[in-house]
Amino acid sequence: MVATELGKALAKEGHEIHFITSSQPARLDVFNPNLYCHEDRVRSYALFQYAPYELALSSKMVDVVINEKLDLLHVHYAVPHASAAYMAQQILKTKGYEIPFITTLHGTDITIVGKDATNEPVVTFSINKSDGVTAVSDDLKKDTLEHFDVTVPIKVIPNFIDLGRFKKQPKEHFKKAICPNGEKLVVHTSNFRKVKRVDDVLKVFCELRKVVPSKLLLIGDGPERKKMEDMAREICTEDIRFLGKLEAVEEVLSVSDLFLMTSEKESFGLAALEAMACEVPVISTNAGGLPELNTEGVSGYV
Amino acid sequence: MVKRAIHILDNKNLDDFKAGALARAKEFDVNAVLPIYEDFYQSVLAKHQESLSNSF
């Protein structure tokens, strides 16, 4: 998502941007003559139990670099993209092409995939072979340096937001429909993975509504959703609604009064930033990069 | 978290927090962060070029 937004923003500035992806990014929904998308098709072979994705990705990178005359590769996530970029770089060298690659660490590549001992050698190698490395928060940088033998500098460049899209919109009719008696509207968005601790959102809300008349909207979908719906039914179902995946999340944020983020791991907290851009204060845990985003007593509480 | 939520949702405080949230979000505006990426790209390209020149 961030990579797509970055590419779109760079294209707007006049850079020629080529996306190399396994499928068209969902947010690549605008026409810009500087934007191109190349899908790396992974084929299955009876010989292999799993389709060789990195092989297809490296080959596609080689093809696009040569034919589109790229100056720079910017890959997102250490594995498999940085390792694929290194492979592509080495192949290109044998063909007389020299191209540097930058790796951006986003979080799960380090905090979950990378710390798995099975992947650690490839993650460390790919980071150290990158010509430039960025991380989306100081905390992620610290975590990377603590857990991997990284010998190259890591520059912190935070995630960002398009304030043209994420801004408070006049949707008061929507607020009236959900909160007809002037209740406060609390919101949570996530992919409903266990690490997001959505059960804590429900627990906090149930205590809150005893004091402040309020409603809770949960946006998104994922493995924990069914369990959370069952839990909501048991505790205080009438004030809680699960909206599922929503494309125009900013419309709901526009009428919200408070955003809850209870994650136990969060390298940056983009969902919280989207809420803040729509003028919604945030109460979050102090996990990962959240304290770097949410200012205590100003934009909310950590 | 509940106490903090009650404090924020108090009508006496809510507008200040809403303004504070927006002000903080503005620091992460794409127009502020994009030039950092562009500078970084330039520095990596320059360093790469320099290392190629030195290797000849």
# chains A, B, ... in the order shown; residues from 1 in each chain; ligands from 1
call {"tool": "interface_residues", "arguments": {"of": "chain B", "to": "chain A", "cutoff": "6 Å", "atoms": "only C-alpha atoms", "output": "PyMOL selection string"}}
result
chain B and resi 2+17-18+20-22+25+28-30
call {"tool": "select_by_dssp", "arguments": {"residues": "region 204-284 of chain A", "states": "helix (DSSP H, G or I)", "output": "number ranges by chain"}}
result
A: 204-211, 225-235, 237-239, 249-253, 270-277
call {"tool": "atom_distance", "arguments": {"atom1": "CA of Ile6 (chain B)", "atom2": "CA of Asp221 (chain A)"}}
result
27.3 Å
call {"tool": "residues_around", "arguments": {"residues": "Ser22 (chain A)", "least_positions_apart": "3", "cutoff": "8 Å", "atoms": "only C-alpha atoms", "output": "PyMOL selection string"}}
result
chain A and resi 39-42
call {"tool": "write_last_selection", "arguments": {"atoms": "all heavy atoms", "output": "PDB file, in the first residue's frame"}}
result
ATOM      1  N   GLU A  39       3.556  -7.341 -14.257  1.00  0.00           N
ATOM      2  CA  GLU A  39       3.223  -8.463 -13.368  1.00  0.00           C
ATOM      3  C   GLU A  39       4.173  -9.628 -13.627  1.00  0.00           C
ATOM      4  O   GLU A  39       4.397 -10.015 -14.770  1.00  0.00           O
ATOM      5  CB  GLU A  39       1.770  -8.896 -13.597  1.00  0.00           C
ATOM      6  CG  GLU A  39       0.793  -7.860 -13.055  1.00  0.00           C
ATOM      7  CD  GLU A  39      -0.657  -8.340 -13.071  1.00  0.00           C
ATOM      8  OE1 GLU A  39      -0.888  -9.555 -12.995  1.00  0.00           O
ATOM      9  OE2 GLU A  39      -1.540  -7.471 -13.166  1.00  0.00           O
ATOM     10  N   ASP A  40       4.743 -10.135 -12.536  1.00  0.00           N
ATOM     11  CA  ASP A  40       5.652 -11.285 -12.662  1.00  0.00           C
ATOM     12  C   ASP A  40       4.827 -12.564 -12.505  1.00  0.00           C
ATOM     13  O   ASP A  40       4.361 -12.865 -11.422  1.00  0.00           O
ATOM     14  CB  ASP A  40       6.783 -11.232 -11.625  1.00  0.00           C
ATOM     15  CG  ASP A  40       6.271 -10.960 -10.234  1.00  0.00           C
ATOM     16  OD1 ASP A  40       5.154 -10.450 -10.101  1.00  0.00           O
ATOM     17  OD2 ASP A  40       6.981 -11.292  -9.270  1.00  0.00           O
ATOM     18  N   ARG A  41       4.620 -13.229 -13.593  1.00  0.00           N
ATOM     19  CA  ARG A  41       3.768 -14.427 -13.573  1.00  0.00           C
ATOM     20  C   ARG A  41       4.567 -15.632 -13.073  1.00  0.00           C
ATOM     21  O   ARG A  41       5.583 -15.994 -13.648  1.00  0.00           O
ATOM     22  CB  ARG A  41       3.229 -14.709 -14.959  1.00  0.00           C
ATOM     23  CG  ARG A  41       2.496 -13.518 -15.546  1.00  0.00           C
ATOM     24  CD  ARG A  41       1.208 -13.883 -16.237  1.00  0.00           C
ATOM     25  NE  ARG A  41       0.569 -12.692 -16.780  1.00  0.00           N
ATOM     26  CZ  ARG A  41      -0.325 -11.966 -16.128  1.00  0.00           C
ATOM     27  NH1 ARG A  41      -0.684 -12.297 -14.917  1.00  0.00           N
ATOM     28  NH2 ARG A  41      -0.859 -10.880 -16.684  1.00  0.00           N
ATOM     29  N   VAL A  42       4.065 -16.221 -12.004  1.00  0.00           N
ATOM     30  CA  VAL A  42       4.739 -17.388 -11.433  1.00  0.00           C
ATOM     31  C   VAL A  42       4.059 -18.634 -11.971  1.00  0.00           C
ATOM     32  O   VAL A  42       2.846 -18.799 -11.831  1.00  0.00           O
ATOM     33  CB  VAL A  42       4.643 -17.378  -9.889  1.00  0.00           C
ATOM     34  CG1 VAL A  42       5.486 -18.499  -9.299  1.00  0.00           C
ATOM     35  CG2 VAL A  42       5.077 -16.038  -9.339  1.00  0.00           C
TER      36      VAL A  42
END
call {"tool": "atom_distance", "arguments": {"atom1": "CA of Val123 (chain A)", "atom2": "CA of Pro153 (chain A)"}}
result
15.1 Å
call {"tool": "atom_distance", "arguments": {"atom1": "CA of Pro291 (chain A)", "atom2": "CA of His81 (chain A)"}}
result
28.4 Å
call {"tool": "closest_residue", "arguments": {"among": "A:Asp230, A:Gly269, A:Asn32, A:Ile219", "to": "Gly244 (chain A)", "atoms": "only C-alpha atoms"}}
result
A:Ile219
call {"tool": "decode", "arguments": {"residues": "region 111-258 of chain A", "atoms": "C-alpha atoms", "output": "PDB file, in the first residue's frame"}}
result
ATOM      1  CA  THR A 111       9.509  -8.817  13.241  1.00  0.00           C
ATOM      2  CA  ILE A 112       7.933 -12.065  12.033  1.00  0.00           C
ATOM      3  CA  VAL A 113       9.489 -13.527   8.878  1.00  0.00           C
ATOM      4  CA  GLY A 114      13.029 -12.344   9.492  1.00  0.00           C
ATOM      5  CA  LYS A 115      13.323 -13.511  13.083  1.00  0.00           C
ATOM      6  CA  ASP A 116      12.440 -17.024  12.004  1.00  0.00           C
ATOM      7  CA  ALA A 117      15.815 -18.791  12.133  1.00  0.00           C
ATOM      8  CA  THR A 118      15.020 -20.419   8.783  1.00  0.00           C
ATOM      9  CA  ASN A 119      14.989 -17.038   7.036  1.00  0.00           C
ATOM     10  CA  GLU A 120      17.524 -15.072   9.084  1.00  0.00           C
ATOM     11  CA  PRO A 121      20.615 -15.726   6.889  1.00  0.00           C
ATOM     12  CA  VAL A 122      18.800 -14.546   3.737  1.00  0.00           C
ATOM     13  CA  VAL A 123      17.332 -11.490   5.478  1.00  0.00           C
ATOM     14  CA  THR A 124      20.703 -10.427   6.901  1.00  0.00           C
ATOM     15  CA  PHE A 125      22.477 -11.025   3.585  1.00  0.00           C
ATOM     16  CA  SER A 126      19.849  -9.158   1.549  1.00  0.00           C
ATOM     17  CA  ILE A 127      19.931  -6.132   3.838  1.00  0.00           C
ATOM     18  CA  ASN A 128      23.724  -5.993   3.845  1.00  0.00           C
ATOM     19  CA  LYS A 129      23.885  -6.291   0.060  1.00  0.00           C
ATOM     20  CA  SER A 130      21.416  -3.439  -0.468  1.00  0.00           C
ATOM     21  CA  ASP A 131      22.899  -0.174  -1.747  1.00  0.00           C
ATOM     22  CA  GLY A 132      20.559   1.714   0.568  1.00  0.00           C
ATOM     23  CA  VAL A 133      18.267   0.627   3.389  1.00  0.00           C
ATOM     24  CA  THR A 134      15.346   2.476   4.931  1.00  0.00           C
ATOM     25  CA  ALA A 135      13.014   1.604   7.804  1.00  0.00           C
ATOM     26  CA  VAL A 136       9.632   3.140   8.530  1.00  0.00           C
ATOM     27  CA  SER A 137      10.350   3.949  12.184  1.00  0.00           C
ATOM     28  CA  ASP A 138      13.208   4.313  14.667  1.00  0.00           C
ATOM     29  CA  ASP A 139      11.829   1.350  16.546  1.00  0.00           C
ATOM     30  CA  LEU A 140      11.993  -0.882  13.471  1.00  0.00           C
ATOM     31  CA  LYS A 141      15.560   0.256  12.824  1.00  0.00           C
ATOM     32  CA  LYS A 142      16.496  -0.550  16.430  1.00  0.00           C
ATOM     33  CA  ASP A 143      14.777  -3.925  16.227  1.00  0.00           C
ATOM     34  CA  THR A 144      16.618  -4.746  12.988  1.00  0.00           C
ATOM     35  CA  LEU A 145      20.009  -3.788  14.401  1.00  0.00           C
ATOM     36  CA  GLU A 146      19.345  -5.807  17.561  1.00  0.00           C
ATOM     37  CA  HIS A 147      18.345  -8.999  15.805  1.00  0.00           C
ATOM     38  CA  PHE A 148      20.428  -9.072  12.654  1.00  0.00           C
ATOM     39  CA  ASP A 149      24.119  -8.600  11.997  1.00  0.00           C
ATOM     40  CA  VAL A 150      23.509  -5.559   9.813  1.00  0.00           C
ATOM     41  CA  THR A 151      26.639  -3.733   8.715  1.00  0.00           C
ATOM     42  CA  VAL A 152      25.097  -1.050   6.498  1.00  0.00           C
ATOM     43  CA  PRO A 153      23.448   2.190   7.657  1.00  0.00           C
ATOM     44  CA  ILE A 154      19.659   2.255   7.942  1.00  0.00           C
ATOM     45  CA  LYS A 155      17.908   5.540   7.229  1.00  0.00           C
ATOM     46  CA  VAL A 156      14.546   6.098   8.894  1.00  0.00           C
ATOM     47  CA  ILE A 157      11.924   7.513   6.535  1.00  0.00           C
ATOM     48  CA  PRO A 158       8.447   7.398   8.055  1.00  0.00           C
ATOM     49  CA  ASN A 159       5.334   6.320   6.237  1.00  0.00           C
ATOM     50  CA  PHE A 160       3.256   9.175   4.903  1.00  0.00           C
ATOM     51  CA  ILE A 161      -0.274  10.164   4.080  1.00  0.00           C
ATOM     52  CA  ASP A 162      -2.083  11.831   1.215  1.00  0.00           C
ATOM     53  CA  LEU A 163      -3.969  14.603   2.985  1.00  0.00           C
ATOM     54  CA  GLY A 164      -5.907  15.225  -0.211  1.00  0.00           C
ATOM     55  CA  ARG A 165      -7.635  11.887   0.271  1.00  0.00           C
ATOM     56  CA  PHE A 166      -7.556  11.459   4.028  1.00  0.00           C
ATOM     57  CA  LYS A 167      -9.319  14.520   5.343  1.00  0.00           C
ATOM     58  CA  LYS A 168     -12.472  15.200   7.313  1.00  0.00           C
ATOM     59  CA  GLN A 169     -15.439  15.104   4.947  1.00  0.00           C
ATOM     60  CA  PRO A 170     -18.930  16.467   5.574  1.00  0.00           C
ATOM     61  CA  LYS A 171     -20.722  13.173   6.309  1.00  0.00           C
ATOM     62  CA  GLU A 172     -22.908  14.253   9.220  1.00  0.00           C
ATOM     63  CA  HIS A 173     -25.908  12.358   7.820  1.00  0.00           C
ATOM     64  CA  PHE A 174     -23.893   9.178   8.257  1.00  0.00           C
ATOM     65  CA  LYS A 175     -23.096  10.071  11.866  1.00  0.00           C
ATOM     66  CA  LYS A 176     -26.782  10.711  12.576  1.00  0.00           C
ATOM     67  CA  ALA A 177     -27.727   7.334  11.130  1.00  0.00           C
ATOM     68  CA  ILE A 178     -25.252   5.476  13.330  1.00  0.00           C
ATOM     69  CA  CYS A 179     -25.478   7.633  16.440  1.00  0.00           C
ATOM     70  CA  PRO A 180     -29.077   8.951  16.401  1.00  0.00           C
ATOM     71  CA  ASN A 181     -28.963  10.078  20.028  1.00  0.00           C
ATOM     72  CA  GLY A 182     -25.696  11.964  19.813  1.00  0.00           C
ATOM     73  CA  GLU A 183     -23.533   9.054  20.953  1.00  0.00           C
ATOM     74  CA  LYS A 184     -19.769   9.247  20.455  1.00  0.00           C
ATOM     75  CA  LEU A 185     -18.362   7.115  17.655  1.00  0.00           C
ATOM     76  CA  VAL A 186     -15.335   4.917  18.332  1.00  0.00           C
ATOM     77  CA  VAL A 187     -13.589   3.177  15.443  1.00  0.00           C
ATOM     78  CA  HIS A 188     -10.991   0.494  14.854  1.00  0.00           C
ATOM     79  CA  THR A 189      -9.542  -0.656  11.533  1.00  0.00           C
ATOM     80  CA  SER A 190      -7.243  -3.611  11.075  1.00  0.00           C
ATOM     81  CA  ASN A 191      -6.709  -6.899   9.304  1.00  0.00           C
ATOM     82  CA  PHE A 192      -8.020  -8.784  12.341  1.00  0.00           C
ATOM     83  CA  ARG A 193      -4.848 -10.755  12.943  1.00  0.00           C
ATOM     84  CA  LYS A 194      -4.179 -11.966  16.481  1.00  0.00           C
ATOM     85  CA  VAL A 195      -1.361  -9.430  16.864  1.00  0.00           C
ATOM     86  CA  LYS A 196      -3.928  -6.588  16.548  1.00  0.00           C
ATOM     87  CA  ARG A 197      -5.626  -7.718  19.798  1.00  0.00           C
ATOM     88  CA  VAL A 198      -9.100  -6.730  18.664  1.00  0.00           C
ATOM     89  CA  ASP A 199     -10.461  -8.413  21.802  1.00  0.00           C
ATOM     90  CA  ASP A 200      -8.881  -5.549  23.773  1.00  0.00           C
ATOM     91  CA  VAL A 201     -10.744  -3.037  21.598  1.00  0.00           C
ATOM     92  CA  LEU A 202     -14.006  -4.768  22.539  1.00  0.00           C
ATOM     93  CA  LYS A 203     -13.093  -4.886  26.249  1.00  0.00           C
ATOM     94  CA  VAL A 204     -12.140  -1.197  26.335  1.00  0.00           C
ATOM     95  CA  PHE A 205     -15.287  -0.212  24.485  1.00  0.00           C
ATOM     96  CA  CYS A 206     -17.570  -2.193  26.787  1.00  0.00           C
ATOM     97  CA  GLU A 207     -16.154  -0.357  29.804  1.00  0.00           C
ATOM     98  CA  LEU A 208     -16.273   2.986  28.004  1.00  0.00           C
ATOM     99  CA  ARG A 209     -19.958   2.721  27.027  1.00  0.00           C
ATOM    100  CA  LYS A 210     -20.897   2.333  30.695  1.00  0.00           C
ATOM    101  CA  VAL A 211     -19.749   5.932  31.178  1.00  0.00           C
ATOM    102  CA  VAL A 212     -19.990   7.571  27.743  1.00  0.00           C
ATOM    103  CA  PRO A 213     -22.914   6.727  25.431  1.00  0.00           C
ATOM    104  CA  SER A 214     -21.074   5.473  22.372  1.00  0.00           C
ATOM    105  CA  LYS A 215     -20.997   3.147  19.376  1.00  0.00           C
ATOM    106  CA  LEU A 216     -18.116   1.085  18.016  1.00  0.00           C
ATOM    107  CA  LEU A 217     -17.436   0.419  14.340  1.00  0.00           C
ATOM    108  CA  LEU A 218     -14.888  -2.207  13.361  1.00  0.00           C
ATOM    109  CA  ILE A 219     -13.548  -2.015   9.828  1.00  0.00           C
ATOM    110  CA  GLY A 220     -11.581  -4.756   8.105  1.00  0.00           C
ATOM    111  CA  ASP A 221     -11.515  -8.499   7.945  1.00  0.00           C
ATOM    112  CA  GLY A 222      -9.186 -11.308   8.864  1.00  0.00           C
ATOM    113  CA  PRO A 223      -8.653 -14.538  10.755  1.00  0.00           C
ATOM    114  CA  GLU A 224      -9.913 -13.280  14.140  1.00  0.00           C
ATOM    115  CA  ARG A 225     -13.105 -11.643  12.905  1.00  0.00           C
ATOM    116  CA  LYS A 226     -15.495 -14.528  13.585  1.00  0.00           C
ATOM    117  CA  LYS A 227     -14.139 -14.949  17.109  1.00  0.00           C
ATOM    118  CA  MET A 228     -14.511 -11.206  17.714  1.00  0.00           C
ATOM    119  CA  GLU A 229     -18.087 -11.205  16.426  1.00  0.00           C
ATOM    120  CA  ASP A 230     -18.911 -14.010  18.834  1.00  0.00           C
ATOM    121  CA  MET A 231     -17.280 -12.091  21.663  1.00  0.00           C
ATOM    122  CA  ALA A 232     -19.186  -8.906  20.767  1.00  0.00           C
ATOM    123  CA  ARG A 233     -22.469 -10.840  20.832  1.00  0.00           C
ATOM    124  CA  GLU A 234     -21.696 -12.015  24.328  1.00  0.00           C
ATOM    125  CA  ILE A 235     -20.790  -8.630  25.770  1.00  0.00           C
ATOM    126  CA  CYS A 236     -22.634  -5.721  24.224  1.00  0.00           C
ATOM    127  CA  THR A 237     -23.632  -6.458  20.692  1.00  0.00           C
ATOM    128  CA  GLU A 238     -26.189  -3.688  20.104  1.00  0.00           C
ATOM    129  CA  ASP A 239     -23.589  -0.922  20.068  1.00  0.00           C
ATOM    130  CA  ILE A 240     -20.967  -2.747  18.016  1.00  0.00           C
ATOM    131  CA  ARG A 241     -20.976  -3.145  14.256  1.00  0.00           C
ATOM    132  CA  PHE A 242     -18.550  -5.023  12.038  1.00  0.00           C
ATOM    133  CA  LEU A 243     -18.377  -3.336   8.641  1.00  0.00           C
ATOM    134  CA  GLY A 244     -15.904  -5.669   6.938  1.00  0.00           C
ATOM    135  CA  LYS A 245     -13.472  -4.377   4.326  1.00  0.00           C
ATOM    136  CA  LEU A 246     -14.246  -0.842   3.262  1.00  0.00           C
ATOM    137  CA  GLU A 247     -12.635   0.979   0.349  1.00  0.00           C
ATOM    138  CA  ALA A 248     -13.570   4.506   1.469  1.00  0.00           C
ATOM    139  CA  VAL A 249     -12.471   4.169   5.077  1.00  0.00           C
ATOM    140  CA  GLU A 250     -11.942   7.934   5.238  1.00  0.00           C
ATOM    141  CA  GLU A 251     -15.725   8.452   5.077  1.00  0.00           C
ATOM    142  CA  VAL A 252     -16.214   6.557   8.338  1.00  0.00           C
ATOM    143  CA  LEU A 253     -13.182   8.195   9.919  1.00  0.00           C
ATOM    144  CA  SER A 254     -14.664  11.594   9.038  1.00  0.00           C
ATOM    145  CA  VAL A 255     -17.494  11.095  11.533  1.00  0.00           C
ATOM    146  CA  SER A 256     -15.516   9.261  14.223  1.00  0.00           C
ATOM    147  CA  ASP A 257     -14.518  10.680  17.608  1.00  0.00           C
ATOM    148  CA  LEU A 258     -11.882   8.208  18.729  1.00  0.00           C
TER     149      LEU A 258
END
